[in-house]
Structure formats: C-alpha cells, structure tokens
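Here's run.txt, which has compact mmCIF, C-alpha atoms:
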```
# COMPACT_ATOMS: atom_id res chain seq x y z
CA MET U 151 210.48 -87.77 98.75
CA ALA U 152 207.14 -86.80 97.20
CA ALA U 153 206.49 -83.52 95.46
CA LEU U 154 203.58 -82.02 93.53
CA ALA U 155 204.21 -80.68 90.05
CA HIS U 156 201.31 -78.41 89.02
CA SER U 157 200.58 -77.73 85.36
CA SER U 158 197.71 -75.49 84.24
CA VAL U 159 197.06 -75.01 80.53
CA ASP U 160 194.84 -72.32 79.02
CA SER U 161 193.29 -74.27 76.14
CA PHE U 162 192.26 -71.10 74.30
CA ALA U 163 195.65 -69.41 74.45
CA ARG U 164 197.29 -72.49 72.98
CA ALA U 165 194.68 -73.07 70.31
CA PRO U 166 195.93 -72.67 66.72
CA GLY U 167 194.96 -69.30 65.32
CA ALA U 168 194.46 -67.74 68.75
CA VAL U 169 195.80 -64.28 69.48
CA PRO U 170 198.34 -64.41 72.34
CA GLY U 171 197.32 -62.55 75.46
CA VAL U 172 193.61 -62.44 74.63
CA ARG U 173 191.36 -64.69 76.70
CA LEU U 174 187.91 -65.16 75.24
CA PRO U 175 187.49 -68.92 75.65
CA ARG U 176 183.67 -69.01 75.52
CA LEU U 177 183.66 -67.43 72.06
CA ARG U 178 185.25 -70.58 70.72
CA GLN U 179 181.90 -72.36 70.89
CA LEU U 180 179.95 -69.50 69.25
CA GLY U 181 178.63 -70.67 65.88
CA PRO U 182 176.76 -68.84 63.10
CA ASN U 183 173.52 -70.43 64.37
CA TRP U 184 173.40 -67.69 67.04
CA TYR U 185 172.15 -65.27 64.39
CA ALA U 186 168.86 -67.15 64.67
CA THR U 187 168.22 -65.27 67.91
CA VAL U 188 168.34 -62.02 65.94
CA MET U 189 166.09 -63.32 63.17
CA GLY U 190 163.54 -64.71 65.59
CA THR U 191 163.36 -61.46 67.54
CA ALA U 192 163.16 -59.14 64.52
CA ILE U 193 160.34 -61.13 62.92
CA VAL U 194 158.25 -60.72 66.08
CA ALA U 195 158.42 -56.93 65.65
CA SER U 196 157.69 -56.98 61.90
CA ALA U 197 154.90 -59.52 62.13
CA GLY U 198 153.35 -57.78 65.13
CA ALA U 199 153.27 -54.45 63.30
CA GLY U 200 151.40 -56.03 60.38
CA LEU U 201 148.65 -57.69 62.40
CA PRO U 202 145.08 -56.75 61.38
CA LEU U 203 144.42 -55.55 64.94
CA ASP U 204 143.97 -52.06 66.28
CA VAL U 205 144.91 -52.53 69.93
CA PRO U 206 146.14 -49.41 71.76
CA GLY U 207 149.58 -49.83 73.32
CA LEU U 208 150.80 -52.63 71.07
CA ARG U 209 152.87 -50.45 68.76
CA PRO U 210 155.34 -49.43 71.52
CA VAL U 211 155.78 -53.12 72.34
CA TRP U 212 156.90 -53.86 68.79
CA VAL U 213 159.28 -50.88 68.96
CA VAL U 214 160.88 -52.35 72.09
CA VAL U 215 161.20 -55.76 70.42
CA TRP U 216 162.77 -54.12 67.35
CA GLY U 217 165.27 -52.34 69.63
CA LEU U 218 166.12 -55.67 71.25
CA SER U 219 166.72 -57.24 67.83
CA ALA U 220 169.05 -54.37 66.86
CA VAL U 221 171.02 -54.78 70.09
CA LEU U 222 171.20 -58.55 69.56
CA LEU U 223 172.48 -58.02 66.02
CA ALA U 224 175.26 -55.75 67.28
CA VAL U 225 176.20 -58.19 70.04
CA VAL U 226 176.25 -61.28 67.84
CA LEU U 227 178.14 -59.49 65.04
CA THR U 228 180.78 -58.37 67.55
CA ALA U 229 181.00 -61.80 69.15
CA ARG U 230 181.32 -63.54 65.79
CA ALA U 231 184.02 -61.08 64.75
CA GLY U 232 185.85 -62.01 67.94
CA HIS U 233 185.36 -65.66 67.09
CA TRP U 234 187.01 -65.23 63.69
CA LEU U 235 189.77 -63.07 65.14
CA HIS U 236 190.72 -65.27 68.08
CA HIS U 237 189.57 -68.73 67.00
CA ARG U 238 190.34 -68.87 63.31
CA ASP U 239 190.96 -72.61 63.37
CA GLN U 240 187.51 -73.25 64.79
CA ALA U 241 185.90 -70.77 62.39
CA ARG U 242 187.48 -72.54 59.40
CA ALA U 243 186.41 -75.91 60.75
CA GLN U 244 182.82 -74.69 61.06
CA LEU U 245 182.84 -73.39 57.50
CA LEU U 246 183.95 -76.82 56.26
CA ASP U 247 181.56 -78.73 58.52
CA PRO U 248 178.44 -79.69 56.50
CA ALA U 249 176.34 -79.64 59.68
CA VAL U 250 177.38 -76.07 60.58
CA ALA U 251 178.21 -74.31 57.30
CA PRO U 252 174.55 -73.84 56.18
CA PHE U 253 173.98 -71.64 59.25
CA TYR U 254 176.09 -68.93 57.60
CA GLY U 255 172.87 -68.05 55.80
CA CYS U 256 171.51 -66.91 59.17
CA MET U 257 173.88 -63.95 59.22
CA ALA U 258 172.48 -62.54 55.97
CA MET U 259 168.92 -63.19 57.09
CA ALA U 260 169.58 -61.46 60.42
CA LEU U 261 170.75 -58.33 58.60
CA LEU U 262 167.71 -58.38 56.34
CA ALA U 263 165.25 -59.06 59.16
CA VAL U 264 166.53 -56.22 61.34
CA GLY U 265 166.59 -53.89 58.33
CA ALA U 266 162.96 -54.65 57.52
CA ALA U 267 161.92 -54.21 61.16
CA THR U 268 163.78 -50.89 61.25
CA LEU U 269 161.76 -49.53 58.34
CA THR U 270 158.51 -51.04 59.57
CA VAL U 271 158.77 -50.28 63.28
CA GLY U 272 162.03 -48.52 64.04
CA ARG U 273 161.01 -45.47 62.07
CA ASP U 274 158.91 -44.47 65.08
CA VAL U 275 162.18 -43.83 66.91
CA LEU U 276 164.66 -43.00 64.15
CA GLY U 277 162.39 -41.14 61.77
CA VAL U 278 161.58 -42.26 58.25
CA ARG U 279 164.71 -40.85 56.63
CA ALA U 280 167.15 -42.53 59.02
CA ALA U 281 165.16 -45.77 58.99
CA VAL U 282 165.31 -45.89 55.19
CA ALA U 283 169.08 -45.33 55.29
CA VAL U 284 169.60 -48.09 57.86
CA ASP U 285 167.40 -50.53 55.96
CA ALA U 286 169.13 -49.71 52.67
CA VAL U 287 172.53 -50.53 54.19
CA LEU U 288 171.35 -53.72 55.86
CA PHE U 289 169.39 -54.81 52.79
CA GLY U 290 172.38 -54.27 50.50
CA ALA U 291 174.79 -56.07 52.82
CA GLY U 292 172.36 -58.90 53.55
CA THR U 293 171.50 -59.45 49.88
CA LEU U 294 175.14 -59.55 48.74
CA LEU U 295 176.10 -61.84 51.60
CA GLY U 296 173.05 -64.01 50.96
CA LEU U 297 173.95 -64.47 47.30
CA ALA U 298 177.52 -65.36 48.25
CA VAL U 299 176.27 -67.93 50.77
CA ALA U 300 173.71 -69.35 48.31
CA VAL U 301 176.58 -70.12 45.92
CA THR U 302 179.44 -70.93 48.30
CA ILE U 303 177.78 -73.37 50.69
CA PRO U 304 176.25 -75.62 47.98
CA TYR U 305 179.61 -75.49 46.18
CA LEU U 306 181.41 -76.69 49.31
CA MET U 307 178.79 -79.41 49.74
CA VAL U 308 179.59 -80.66 46.24
CA VAL U 309 183.38 -80.43 46.17
CA ARG U 310 184.54 -80.62 49.81
CA HIS U 311 181.93 -82.36 51.95
CA ARG U 312 181.39 -86.09 51.81
CA LEU U 313 177.70 -86.61 52.41
CA GLU U 314 175.44 -89.63 52.67
CA PRO U 315 171.65 -89.73 52.13
CA ALA U 316 171.18 -90.01 55.90
CA ASP U 317 173.04 -86.70 56.33
CA VAL U 318 170.32 -84.69 54.57
CA SER U 319 168.85 -82.09 56.91
CA PRO U 320 166.33 -79.24 56.69
CA VAL U 321 169.28 -77.06 57.69
CA TRP U 322 170.40 -77.35 54.07
CA LEU U 323 167.59 -74.95 53.16
CA LEU U 324 169.14 -72.06 55.06
CA PRO U 325 171.64 -70.90 52.38
CA VAL U 326 169.17 -71.05 49.50
CA VAL U 327 166.26 -69.41 51.33
CA THR U 328 168.32 -66.29 52.06
CA PRO U 329 167.62 -64.61 48.67
CA MET U 330 163.91 -65.15 49.34
CA VAL U 331 164.22 -63.00 52.46
CA SER U 332 165.72 -60.27 50.26
CA ALA U 333 162.82 -60.67 47.84
CA ALA U 334 160.33 -60.23 50.70
CA THR U 335 162.03 -57.25 52.35
CA GLY U 336 163.26 -55.36 49.27
CA PRO U 337 159.81 -54.06 48.23
CA LEU U 338 159.64 -52.05 51.46
CA LEU U 339 162.33 -49.78 50.03
CA ALA U 340 160.65 -49.32 46.63
CA PRO U 341 158.39 -46.36 47.59
CA HIS U 342 161.45 -44.50 48.88
CA LEU U 343 163.28 -44.70 45.55
CA PRO U 344 162.70 -42.23 42.71
CA ALA U 345 160.12 -43.45 40.22
CA GLY U 346 161.64 -44.86 37.08
CA GLN U 347 164.48 -47.24 36.37
CA GLY U 348 165.73 -47.48 39.97
CA ARG U 349 162.40 -48.50 41.45
CA ALA U 350 161.62 -50.90 38.59
CA ALA U 351 165.09 -52.47 38.84
CA LEU U 352 164.57 -53.12 42.55
CA VAL U 353 161.19 -54.78 42.03
CA PHE U 354 162.28 -56.93 39.09
CA GLY U 355 165.53 -57.75 40.90
CA CYS U 356 163.50 -58.99 43.85
CA TYR U 357 161.47 -61.17 41.50
CA ALA U 358 164.74 -62.63 40.23
CA LEU U 359 165.79 -63.35 43.82
CA PHE U 360 162.38 -64.93 44.39
CA GLY U 361 162.84 -67.25 41.41
CA LEU U 362 166.42 -68.10 42.33
CA SER U 363 165.46 -69.13 45.84
CA LEU U 364 162.23 -70.87 44.88
CA LEU U 365 163.84 -73.15 42.31
CA ALA U 366 166.74 -73.97 44.62
CA THR U 367 164.28 -74.77 47.41
CA LEU U 368 162.29 -77.04 45.10
CA MET U 369 165.49 -79.03 44.52
CA MET U 370 166.11 -79.36 48.27
CA LEU U 371 162.63 -80.19 49.60
CA PRO U 372 162.36 -83.66 47.98
CA LEU U 373 165.72 -84.54 49.53
CA VAL U 374 164.51 -83.47 52.98
CA PHE U 375 161.22 -85.38 52.83
CA GLY U 376 162.90 -88.39 51.23
CA ARG U 377 165.42 -88.52 54.06
CA LEU U 378 162.61 -88.49 56.64
CA VAL U 379 160.68 -91.24 54.87
CA VAL U 380 163.64 -93.51 54.18
CA HIS U 381 165.75 -92.97 57.32
CA GLY U 382 163.10 -92.03 59.85
CA PRO U 383 162.81 -89.00 62.16
CA LEU U 384 165.76 -86.73 62.84
CA PRO U 385 167.77 -87.10 66.06
CA LEU U 386 165.92 -85.61 69.03
CA ALA U 387 168.12 -82.52 69.33
CA LEU U 388 167.72 -81.75 65.62
CA THR U 389 163.96 -82.38 65.41
CA PRO U 390 162.97 -78.66 65.68
CA ALA U 391 164.81 -78.13 62.38
CA VAL U 392 161.83 -79.61 60.53
CA PHE U 393 160.16 -76.22 61.12
CA LEU U 394 162.76 -74.66 58.80
CA VAL U 395 160.76 -75.92 55.83
CA LEU U 396 158.12 -73.32 56.72
CA GLY U 397 160.66 -70.57 56.01
CA PRO U 398 160.68 -70.69 52.19
CA LEU U 399 156.93 -71.32 52.14
CA GLY U 400 155.91 -68.38 54.30
CA GLN U 401 158.64 -66.09 52.98
CA SER U 402 157.81 -66.73 49.33
CA THR U 403 154.14 -65.97 50.04
CA THR U 404 155.18 -62.76 51.76
CA ALA U 405 157.51 -61.89 48.88
CA VAL U 406 154.96 -62.16 46.07
CA ASN U 407 152.39 -60.15 48.01
CA GLN U 408 154.86 -57.42 49.01
CA LEU U 409 156.06 -57.22 45.42
CA ALA U 410 152.46 -56.95 44.22
CA ASP U 411 152.04 -53.94 46.54
CA ALA U 412 155.12 -52.29 45.05
CA ALA U 413 154.34 -53.12 41.41
CA PRO U 414 151.78 -50.39 40.55
CA THR U 415 154.24 -47.53 41.11
CA ALA U 416 157.29 -49.48 39.94
CA VAL U 417 156.32 -51.29 36.75
CA GLY U 418 152.74 -50.21 36.01
CA GLY U 419 151.23 -51.09 32.66
CA PRO U 420 149.76 -54.55 32.21
CA TYR U 421 152.21 -56.12 34.67
CA ALA U 422 150.88 -54.73 37.96
CA PRO U 423 147.40 -56.38 37.78
CA ALA U 424 148.97 -59.63 36.62
CA LEU U 425 151.44 -59.59 39.49
CA ALA U 426 148.64 -58.90 41.97
CA ALA U 427 146.72 -61.90 40.64
CA PHE U 428 149.87 -64.04 40.76
CA ALA U 429 150.36 -63.13 44.43
CA VAL U 430 146.99 -64.66 45.34
CA VAL U 431 147.14 -67.59 42.91
CA TYR U 432 150.58 -68.54 44.23
CA GLY U 433 150.16 -67.58 47.86
CA VAL U 434 146.93 -69.40 48.78
CA PRO U 435 148.06 -72.91 47.72
CA VAL U 436 151.52 -72.44 49.24
CA MET U 437 150.00 -71.26 52.51
CA GLY U 438 147.83 -74.38 52.48
CA PHE U 439 150.93 -76.56 52.13
CA ALA U 440 152.61 -74.56 54.90
CA LEU U 441 149.75 -75.42 57.26
CA LEU U 442 150.06 -79.08 56.30
CA TRP U 443 153.79 -79.01 57.04
CA LEU U 444 153.18 -77.15 60.30
CA ALA U 445 150.92 -79.96 61.48
CA PHE U 446 153.42 -82.61 60.33
CA ALA U 447 156.37 -80.85 61.99
CA THR U 448 154.41 -80.31 65.20
CA ALA U 449 153.63 -84.03 65.38
CA LEU U 450 157.32 -84.86 65.02
CA VAL U 451 158.24 -82.37 67.75
CA VAL U 452 155.60 -83.76 70.13
CA ARG U 453 157.02 -87.22 69.50
CA ALA U 454 160.52 -85.97 70.25
CA VAL U 455 159.40 -84.24 73.46
CA ARG U 456 157.77 -87.45 74.67
CA ARG U 457 161.08 -89.20 74.06
CA GLY U 458 163.05 -86.70 76.13
CA MET U 459 164.03 -83.86 73.77
CA ARG U 460 165.91 -81.15 75.69
CA PHE U 461 166.50 -77.51 74.84
CA THR U 462 169.16 -76.72 72.28
CA MET U 463 169.68 -73.72 70.02
CA THR U 464 167.69 -75.56 67.33
CA TRP U 465 164.57 -74.43 69.23
CA TRP U 466 165.00 -71.05 67.53
CA ALA U 467 163.75 -72.82 64.41
CA PHE U 468 160.29 -72.43 65.97
CA THR U 469 160.47 -68.64 65.56
CA PHE U 470 161.54 -67.13 62.23
CA PRO U 471 159.92 -69.77 59.97
CA VAL U 472 156.61 -69.42 61.81
CA GLY U 473 157.01 -65.63 61.61
CA THR U 474 157.24 -65.81 57.82
CA CYS U 475 153.93 -67.68 57.79
CA VAL U 476 152.44 -64.88 59.91
CA THR U 477 153.55 -62.22 57.42
CA GLY U 478 152.42 -64.43 54.53
CA ALA U 479 148.94 -64.75 56.01
CA GLU U 480 148.84 -61.00 56.77
CA THR U 481 149.71 -60.00 53.22
CA LEU U 482 147.34 -62.55 51.72
CA GLY U 483 144.58 -61.24 53.97
CA ARG U 484 145.14 -57.72 52.66
CA HIS U 485 144.91 -58.83 49.03
CA THR U 486 141.98 -61.22 49.36
CA GLY U 487 139.98 -59.46 52.06
CA LEU U 488 139.37 -62.82 53.74
CA VAL U 489 138.78 -62.50 57.47
CA ALA U 490 139.79 -66.16 57.83
CA LEU U 491 143.33 -65.30 56.72
CA GLU U 492 143.46 -62.43 59.18
CA TRP U 493 142.50 -64.74 62.02
CA LEU U 494 145.04 -67.27 60.76
CA ALA U 495 147.73 -64.58 61.01
CA VAL U 496 146.68 -63.79 64.59
CA GLY U 497 146.70 -67.45 65.59
CA LEU U 498 150.12 -68.05 64.06
CA PHE U 499 151.41 -64.90 65.75
CA VAL U 500 150.35 -66.24 69.15
CA LEU U 501 152.32 -69.40 68.35
CA LEU U 502 155.29 -67.26 67.27
CA VAL U 503 155.35 -65.17 70.45
CA THR U 504 155.04 -68.28 72.62
CA ALA U 505 157.92 -69.98 70.82
CA TRP U 506 160.04 -66.82 70.99
CA ALA U 507 159.45 -66.39 74.72
CA VAL U 508 160.28 -70.03 75.48
CA ALA U 509 163.39 -70.09 73.27
CA GLY U 510 164.57 -66.75 74.67
CA TRP U 511 164.10 -67.78 78.29
CA CYS U 512 165.85 -71.12 77.79
CA THR U 513 168.71 -69.41 75.96
CA LEU U 514 169.25 -66.91 78.79
CA ARG U 515 169.10 -69.68 81.37
CA GLY U 516 171.58 -71.75 79.37
CA LEU U 517 173.97 -68.83 78.99
CA PHE U 518 173.99 -67.85 82.66
CA GLY U 519 173.95 -71.46 83.79
CA GLY U 520 176.90 -72.43 81.60
CA ALA U 521 175.05 -75.02 79.53
CA LEU U 522 175.48 -72.88 76.40
CA LEU U 523 178.91 -71.66 75.26
CA PRO U 524 180.74 -73.50 78.05
CA ALA U 525 184.26 -72.33 78.79
CA PRO U 526 186.97 -74.89 78.03
CA ARG U 527 187.79 -77.12 80.94
CA VAL U 528 191.09 -76.39 82.66
CA PRO U 529 193.01 -79.63 83.17
CA ARG U 530 193.44 -80.69 86.74
CA PRO U 531 196.91 -80.18 88.21
CA ALA U 532 199.12 -83.05 87.15
CA MET U 533 200.65 -84.93 90.06
CA ALA U 534 204.06 -86.44 89.63
CA ARG U 535 206.11 -88.34 92.18
CA THR U 536 209.80 -87.62 92.28
CA ALA U 537 212.51 -89.33 94.28
```

Whole structure given in structure tokens:
Amino acid sequence: MAALAHSSVDSFARAPGAVPGVRLPRLRQLGPNWYATVMGTAIVASAGAGLPLDVPGLRPVWVVVWGLSAVLLAVVLTARAGHWLHHRDQARAQLLDPAVAPFYGCMAMALLAVGAATLTVGRDVLGVRAAVAVDAVLFGAGTLLGLAVAVTIPYLMVVRHRLEPADVSPVWLLPVVTPMVSAATGPLLAPHLPAGQGRAALVFGCYALFGLSLLATLMMLPLVFGRLVVHGPLPLALTPAVFLVLGPLGQSTTAVNQLADAAPTAVGGPYAPALAAFAVVYGVPVMGFALLWLAFATALVVRAVRRGMRFTMTWWAFTFPVGTCVTGAETLGRHTGLVALEWLAVGLFVLLVTAWAVAGWCTLRGLFGGALLPAPRVPRPAMARTA
C-alpha cells in the first residue's frame, strides 16, 4: 500500500535565534548595505539644494526627495531592528563576515546624511528650530555610532577575520570614512550654537574627525589600488564598489570647505583665514584626483557591463560617493569663485540623479519581483512509501 507523508518546514521559525510565532522570513536576507538607499537618496536632496542654479520649482523637488530619504531611514531602521530581533544568528554572522561587516558604517552615514538634508532642505517643512533639533539628534547618534564602527570593524578584521591580499575591497573604506561624513555635516550646526566654547569645540572636533578619517583612508587606499593592480579587476557584481573611493575624496573636500565657512564665527583670530586658505589648497588637488578616479572607475564599470554585469545592491555605490563630489565641487566653487567648478558640480549632479534613478528603479523591481530579499524556499513535500 502506498501513502504520502507530507512534511512542510518553515525555515525561519526553526532558525536559531528566531522568535517563535513570528514569521518575517524575508528580513533574514536584509543586510546593513540597505542603508545605502537612504544615503543615496539624502545626498540627492542636499546636493540639489546647494547647486549654483536659480531654477524656479526645484526647491520643492528637493524637499520631496528629503521626505523620501526620511521615510526610507525609518523603514530600514525598523526592518534592521526586526532582523536583529528575529534573526540574531544571521545578524551575528554578518557582523563577523569580512565582506559584510564594513557595511555597518552605512547606518551611521545614513543618519548623518538625513540629518544634514533635514537642516538644509527639511527646514522648509519642519521650521528651522525643529530641523536643528532633528539634525542635532541624528548628528550625535551618527557620530557616536560612526566612531564605534571605525574602531570595531578594523579591530575585528585584525583579530577575528582571516584575510588574504585578494580579499581587499573598496568596501573596507566604509567604516573609516564615516567620521569624515560627521566632519562635513557638523559645521551646519555651528551657527545654531551659542558663540564661544560650544561652537569652537564643534568646529575643532570636526577637524579632529576629518584628520582621523583622512589618515585611516590613506592607509586603506594603497591596499585597494594594490589589490586591483596585482589581482586584477573585482568580480563583476562587486565592480561598482570601486566608486566608493570617491567618498572620502569628495567628502573631505566638502568637510574642509564647510568648516572654513563655520570658522570665522567659531574660532576667529588668525585661524579663520588660514582655514579658508587650507580649504582651497587641499580641496582643488583632491578634487582633481577624484576626477581621475571617476574616469578610472567608470572604465572598469563599462568593462564589467560589457562582460554581463547585472544589477545588485552594489549599484548604490554610484550614488552617495558621486554626491560627495557634487557637494565638494559646490563648496569649492563658492570659495574660489570659479565658474568651471560650478559647472562641474552641475555635471556631476546630473550623473548622480541618473545613477539614483536607475538604482532606485532596479531596486523596486527587484523587491517586487522577488530577486531581492527572496523568501526562504519551502521544501517540497517529502514522499515516503509505506507497506
């Protein structure tokens, strides 16, 4: 006699660390790299607001984009909290995975990016007072988290991860570039602090964050370029990550110029003119190198596309790093008065918006089509023959 014995297993419910009775299987695949969607959206609003263009009707567009970034931040924060609550085993595995752990820097940068966009653009909706309060909270949380990540992830790479030279990736820059984002966004809060020790401490603290991140980046960049030269191009799916090198370049240029704007009312004396000169002397050469790397990275991406590169979440690397170059060119244009830099900012912004639109559309299509965050497969009913 033949009989069918059916067995259906919910892979999430039986996963170690899962909470019984809660079924959120798709969250299991949600990594910290999803914060890149928040960063890439927020930088569009901030960079758009700083463009040297006076086009009627554009400001409301940046307000809408800022609102979208705030909603995305809330959604991803909630989803990641659910990931840690219901998939603790997977969350721990990601933290100890050298390919995934550096993306924890994206969380801090997402907080900082949305905070800066709130003060720059969101104040049109919230009012200046509320926008300052929101940015202060997000800046404080993002900076503390960024410092923790900048220490913890390299520490884990040294003592827990077993890495080979071929494992070097531009992704390794993410933890150490996070303090640079704080250095670039912190000066926006300076005018809203009382003059005196508080304002000066913020500006000099941001310079310390600038130095911390810059020196750490200078240690990482030779490893990244050396890996490319010795071991060849990155795998196709990871190729967009070469754009991450633009992040510390554009963000450091933005930081020194924003700090130079804040210096006259924060530190005064002989320092303010010197810091303004330093912003140009540092920013122009670094922006030149950023353009060189942009051309180099674009050539690698074109090569990868011709070899069949498909969409993955690494495509969001085309957004935030390019956005930092936009803000870097904008701030340099203000300090030098060069029209060429203003046009450079506009051109880079067009590239940024194009990349953001493509990455956003492909992400939505992947989510609704099931290609991204796929639910665990349910095993087919097991068939057993009994006598």

Got a sec: who's within 9 Å of U:Leu371, counting only C-alpha atoms, leaving out chain neighbours fewer than 3 positions off, as a PyMOL selection string? chain U and resi 320+323+366-368+374-376+395

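Nearest residue to U:Ala479 among U:Val406, U:Met369, U:Leu450, U:Val392 is U:Val406, counting all atoms listed in the file.
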
Using only C-alpha atoms, which of the listed residues (U:Met370, U:Val417, U:Arg310, U:Leu324) sits closest to U:Ala345? U:Val417

Min atom-atom distance to U:Ala412 from the set U:Ile193, U:Leu362, U:Val353, U:Val213, counting all atoms listed in the file, belongs to U:Val353

Tell me, counting only C-alpha atoms, for each residue of stretch 295-358 of chain U within 10 Å of stretch 266-272 of chain U, which pair of atoms is nearest and how far apart they are in Å to one decimal, in rows ordered by chain and increasing number, as JSON lines.
```
{"residue": "U:Val331", "atom": "CA", "partner": "U:Ala266", "partner_atom": "CA", "distance": 9.8}
{"residue": "U:Ser332", "atom": "CA", "partner": "U:Ala266", "partner_atom": "CA", "distance": 9.6}
{"residue": "U:Ala334", "atom": "CA", "partner": "U:Ala266", "partner_atom": "CA", "distance": 9.2}
{"residue": "U:Thr335", "atom": "CA", "partner": "U:Ala266", "partner_atom": "CA", "distance": 5.9}
{"residue": "U:Gly336", "atom": "CA", "partner": "U:Ala266", "partner_atom": "CA", "distance": 8.3}
{"residue": "U:Pro337", "atom": "CA", "partner": "U:Ala266", "partner_atom": "CA", "distance": 9.8}
{"residue": "U:Leu338", "atom": "CA", "partner": "U:Ala266", "partner_atom": "CA", "distance": 7.4}
{"residue": "U:Leu339", "atom": "CA", "partner": "U:Leu269", "partner_atom": "CA", "distance": 8.3}
```

Could you work out how far atom CA of U:His485 lies from atom CA of U:Val275, giving the answer in Å with one decimal?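 According to the coordinates, atom CA of U:Val275 and atom CA of U:His485 are separated by 29.0 Å.
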
List the neighbours of U:Val434 out to 12 Å using only C-alpha atoms; skip same-chain residues closer than 6 positions along the sequence, and give me the result as a ChimeraX atom specification. /U:399-400,402-404,406-407,427-428,440-441,475,478-483,485-486,488,490-491

With all atoms listed in the file as the atoms that count, which of U:Tyr357, U:Trp465, U:Tyr185, U:Trp216 lies nearest to U:Trp511?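 Nearest candidate to U:Trp511 out of U:Tyr357, U:Trp465, U:Tyr185, U:Trp216: U:Trp465.
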
Can you work out the spacing between atom CA of U:Leu222 and atom CA of U:Thr191 in Å, to one decimal?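 Rounded to one decimal, the two atoms are 8.6 Å apart.
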
My list of candidates is U:Asp317, U:Phe446, U:Gly355, U:Arg178. Which is closest to U:Arg242 when distances are computed with all atoms listed in the file?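 For U:Arg242, the nearest of the candidates is U:Arg178.
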
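In this comparison, which uses all atoms listed in the file, the residue of U:Leu409, U:Gly207, U:Thr462, U:Val278 approaching U:Pro423 most closely is U:Leu409.
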
By how many Å are atom CA of U:Val431 and atom CA of U:Arg484 apart?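 Separation of atom CA of U:Val431 and atom CA of U:Arg484: 14.0 Å.
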
Within 12 Å of U:His342 using all atoms listed in the file, minus same-chain residues under 6 positions, as an MDAnalysis selection string: chainID U and resid 269 278:283 285:286 336 348:349 352 412 415:416

Quick one: residues within 9 Å of U:Leu378, all atoms listed in the file, excluding same-chain residues fewer than 4 positions away - as number ranges by chain? U: 316, 318-319, 373-374, 382-384

Keeping only C-alpha atoms, take the residues you just selected and write them out as a CSV table (one decimal), in the coordinates of the input.
```csv
chain,number,residue,atom,x,y,z
U,316,ALA,CA,171.2,-90.0,55.9
U,318,VAL,CA,170.3,-84.7,54.6
U,319,SER,CA,168.8,-82.1,56.9
U,373,LEU,CA,165.7,-84.5,49.5
U,374,VAL,CA,164.5,-83.5,53.0
U,382,GLY,CA,163.1,-92.0,59.8
U,383,PRO,CA,162.8,-89.0,62.2
U,384,LEU,CA,165.8,-86.7,62.8
```

Using all atoms listed in the file, which protein or nucleic acid residues come within 10 Å of U:Ala241? Drop anything in the same chain fewer than 3 positions from it, and give the result as a PyMOL selection string. chain U and resi 167+178-182+230+233-238+244-247+251

Given the point (164.6, -88.3, 67.2) in the coordinates of this file, which residues lie within 9 Å, counting only C-alpha atoms, and how would they look as a ChimeraX atom specification? /U:382-389,450-451,453-454,457,459
